[in-house]
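Student: Quick one: structure below, then a few questions.
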Amino acid sequence: MAEAGCSTVEGSLTQEFVVPSHVQMVKGLMAEFAERHGSAGRRVVLVTSGGTKVPLESRTVRFLDNFSSGRRGASSAEYFLDAGYAVVFLHRHRSLYPYTRRYAGVNLLDGLRLEPAAGECAPARVVADQESLPGIAAVLQRYQEVKVAGLLLPVEFNTLSEYLHLLKAAAQALSNMGSEAMFYLAAAVSDFYIPASEMPEHKIQSSEGPLQLSMKMVPKMLSPLVKDWAPKAFVISFKLETDPGILLERARRALDTYHHQAVVANVLDTRRGYVVVVTQDHATELALTAAEEQARLEIEEKIVGNLVSAHSNFILQQD
Ligand code: PAZ
């Protein structure tokens, strides 16, 4: 699709996507977060994570969704925190979350044990079972350090509309940080939607026969983000394909269209172990070796390491 101009993006955002009632309040929180960490000399990264839900009815019974678990975003947020960044974590409601993601498959009640009470009147003690929750003490300690230091600002979205408006608000809230702000756009955002004006109010009836959908293109947010909302920031987008043969060409096309700093290109089936970081001058392959996979290393550690040093170089070039 031809890229929509910035005024078109702005226009369709306000006309066709319902503005969430809390967007101004959240924008204020993000601006205050950026101001606090910026004045402490800390860089801030906005990590987007998870898929988007596209409703088919305005009183939504059915919606279109996608595969994204939010693991890339949640694990990357942890590595950014370890690298000294403060993180705004714009994530899909109930997608994976930093630190708790490690126990996503565990039934909480299987991970806890009851120990006898210390005295007759004292309640039984609840203890974490280290076998069901491996590494829990270290993970809990790090989670609490991050929380006490106020280094992680979680912001939730559910629908596509919420995502789009909150991304714009985040970009504007972080723009005062200039080149010290990074945008790491790992969320899998729908390319298609049904405008509110064309959406049936009530549940679509199967008695009316097979369903035919006509969907519009979602406005490309990268364009106004890079040009207008946060023009000095270091911006990373992600590109997912299922056909490895077209991956690099698509990533380069995105860079040529939006003029941001890098695209992390990945293929659905191999995304946990292999990505290519594409910039104007280079295509850097990052991969986990068999030994690293065995040791449960994560590709996000390499992606974040690569981008943190690229961000440092970018900041130096702006001076
Ligand atoms: O969320 P997850 O860990 O299951 O998957 C990560 C990902 C594939 C959604 C991400 O790496 C990505 O490529 N996001 C952008 C997708 C796209 O719009 O092309």
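Each chain in the structure tokens gets a letter, A, B, ..., in the order shown, and its residues are numbered from 1; ligands are numbered from 1 in order too.
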Find the residues near A:Phe157: any atom within 8 Å, counting only C-alpha atoms, skip ones fewer than 2 places away on the same chain, and give them as a count of residues only.

Tutor: 10

Student: How close does stretch 94-192 of chain A get to stretch 260-267 of chain A? List, as CSV, each residue of stretch 94-192 of chain A within 10 Å, its nearest atom pair and the distance in Å to one decimal, counting only C-alpha atoms.

Tutor:
```
residue,atom,partner,partner_atom,distance
A:Tyr184,CA,A:Val264,CA,9.5
A:Leu185,CA,A:Val263,CA,9.4
A:Ala186,CA,A:Val264,CA,8.7
```

Student: For the alpha helix (DSSP H) assignment from backbone DSSP, which residues of stretch 44-281 of chain A qualify? Please present them as JSON, numbers by chain.

Tutor: {"A": [71, 72, 73, 74, 75, 76, 77, 78, 79, 80, 81, 82, 136, 137, 138, 139, 140, 141, 142, 143, 144, 145, 146, 147, 148, 160, 161, 162, 163, 164, 165, 166, 167, 168, 169, 170, 171, 172, 173, 174, 222, 223, 224, 244, 245, 246, 247, 248, 249, 250, 251, 252, 253, 254, 255, 256, 257, 258]}

Student: Write out, as a Markdown table, each residue of chain A that has an atom at most 7 Å from ligand 1, together with the closest pair of atoms and their distance in Å to one decimal, counting only C-alpha atoms and all ligand atoms, rows going by chain and rising number.

Tutor:
```
| residue | atom | partner | partner_atom_place_in_ligand_line | distance |
| --- | --- | --- | --- | --- |
| A:Ser49 | CA | ligand 1 | 1 (O) | 6.3 |
| A:Gly50 | CA | ligand 1 | 1 (O) | 5.0 |
| A:Phe67 | CA | ligand 1 | 4 (O) | 6.4 |
| A:Ser68 | CA | ligand 1 | 4 (O) | 3.8 |
| A:Ser69 | CA | ligand 1 | 4 (O) | 3.9 |
| A:Gly70 | CA | ligand 1 | 1 (O) | 3.5 |
| A:Arg71 | CA | ligand 1 | 3 (O) | 3.8 |
| A:Arg72 | CA | ligand 1 | 3 (O) | 3.7 |
| A:Gly73 | CA | ligand 1 | 1 (O) | 6.5 |
| A:Ala186 | CA | ligand 1 | 14 (N) | 4.3 |
| A:Ala187 | CA | ligand 1 | 14 (N) | 5.0 |
| A:Ala188 | CA | ligand 1 | 16 (C) | 4.1 |
| A:Val189 | CA | ligand 1 | 18 (O) | 5.5 |
| A:Phe238 | CA | ligand 1 | 15 (C) | 4.4 |
| A:Lys239 | CA | ligand 1 | 19 (O) | 3.7 |
| A:Leu240 | CA | ligand 1 | 19 (O) | 3.7 |
| A:Glu241 | CA | ligand 1 | 19 (O) | 6.6 |
| A:Ala265 | CA | ligand 1 | 13 (O) | 6.6 |
| A:Asn266 | CA | ligand 1 | 13 (O) | 5.8 |
| A:Leu268 | CA | ligand 1 | 8 (C) | 6.1 |
| A:Arg271 | CA | ligand 1 | 8 (C) | 6.4 |
```

Student: So, counting only C-alpha atoms, which residue among A:His202, A:Lys232, A:Arg102, A:Arg36 is closest to A:Pro55?

Tutor: A:His202

Student: Of the candidates A:Ala31, A:Ala290, A:Leu96, A:Ala86, which shows the shortest atom-to-atom distance to A:Gly51, using only C-alpha atoms?

Tutor: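 Looking at the shortest contact to A:Gly51, the residue is A:Leu96.
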
Student: Going by DSSP on the backbone, which bits of stretch 140-214 of chain A are strand (DSSP E)? Write them as a ChimeraX atom specification, please.

Tutor: /A:152-157,181-185,192-193

Student: Please determine, counting only C-alpha atoms, which residue among A:Ile136, A:Ala34, A:Glu301, A:Arg62 has the shortest atom-to-atom distance to A:Ala77.

Tutor: A:Glu301

Student: Quote the spacing between atom CA of A:Ser207 and atom CA of A:Pro195 in Å to one decimal place.

Tutor: 23.6 Å

Student: One decimal, Å: what's the distance from atom CA of A:Ser190 over to atom CA of A:Ser206, could you say?

Tutor: 24.7 Å

Student: List the spatial neighbours of A:Glu16 as a list in words - criterion: any atom at most 12 Å away, only C-alpha atoms, same-chain residues fewer than 6 positions off excluded.

Tutor: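 In the requested format, the answer is Thr8, Val9, Glu10, Leu160, Ser161, Glu162, Leu164, His165, Tyr193, Ile194, Pro195, Ala196, Ser197, Glu198, Met199, Lys216, Met217, Val218 and Pro219 of chain A.
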
Student: Please, what distance in Å, to one decimal, runs between atom CA of A:Trp229 and atom CA of A:Ala254?

Tutor: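 One can read the atom CA of A:Trp229 to atom CA of A:Ala254 distance as 18.3 Å.
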
Student: If we count only C-alpha atoms and set the cut-off at 9 Å, which residues sit around A:Ala287, ignoring sequence neighbours fewer than 5 positions away in its own chain? Please answer as a list in words.

Tutor: Arg272, Gly273, Tyr274, Val275, Val276, Ile299 and Lys302 of chain A

Student: Generate a file of the selected residues that holds N, CA, C and O atoms, formatted as a CSV table (one decimal), in the first residue's frame.

Tutor:
```
chain,number,residue,atom,x,y,z
A,272,ARG,N,12.7,-17.3,17.4
A,272,ARG,CA,13.3,-17.4,18.8
A,272,ARG,C,14.8,-17.6,18.7
A,272,ARG,O,15.4,-17.4,19.7
A,273,GLY,N,15.3,-17.9,17.5
A,273,GLY,CA,16.7,-18.2,17.5
A,273,GLY,C,17.5,-17.4,16.4
A,273,GLY,O,18.8,-17.5,16.4
A,274,TYR,N,16.8,-16.6,15.6
A,274,TYR,CA,17.6,-16.0,14.5
A,274,TYR,C,16.8,-14.7,14.1
A,274,TYR,O,15.6,-14.8,13.8
A,275,VAL,N,17.5,-13.6,14.0
A,275,VAL,CA,17.0,-12.4,13.5
A,275,VAL,C,18.1,-11.7,12.7
A,275,VAL,O,19.3,-12.0,12.8
A,276,VAL,N,17.7,-10.7,11.9
A,276,VAL,CA,18.7,-9.8,11.2
A,276,VAL,C,18.4,-8.4,11.5
A,276,VAL,O,17.2,-8.0,11.4
A,299,ILE,N,17.6,-14.9,22.4
A,299,ILE,CA,18.0,-14.1,21.3
A,299,ILE,C,17.8,-12.6,21.6
A,299,ILE,O,18.5,-11.7,21.2
A,302,LYS,N,20.8,-10.7,22.7
A,302,LYS,CA,21.7,-10.3,21.6
A,302,LYS,C,21.1,-9.1,20.9
A,302,LYS,O,21.8,-8.1,20.5
```
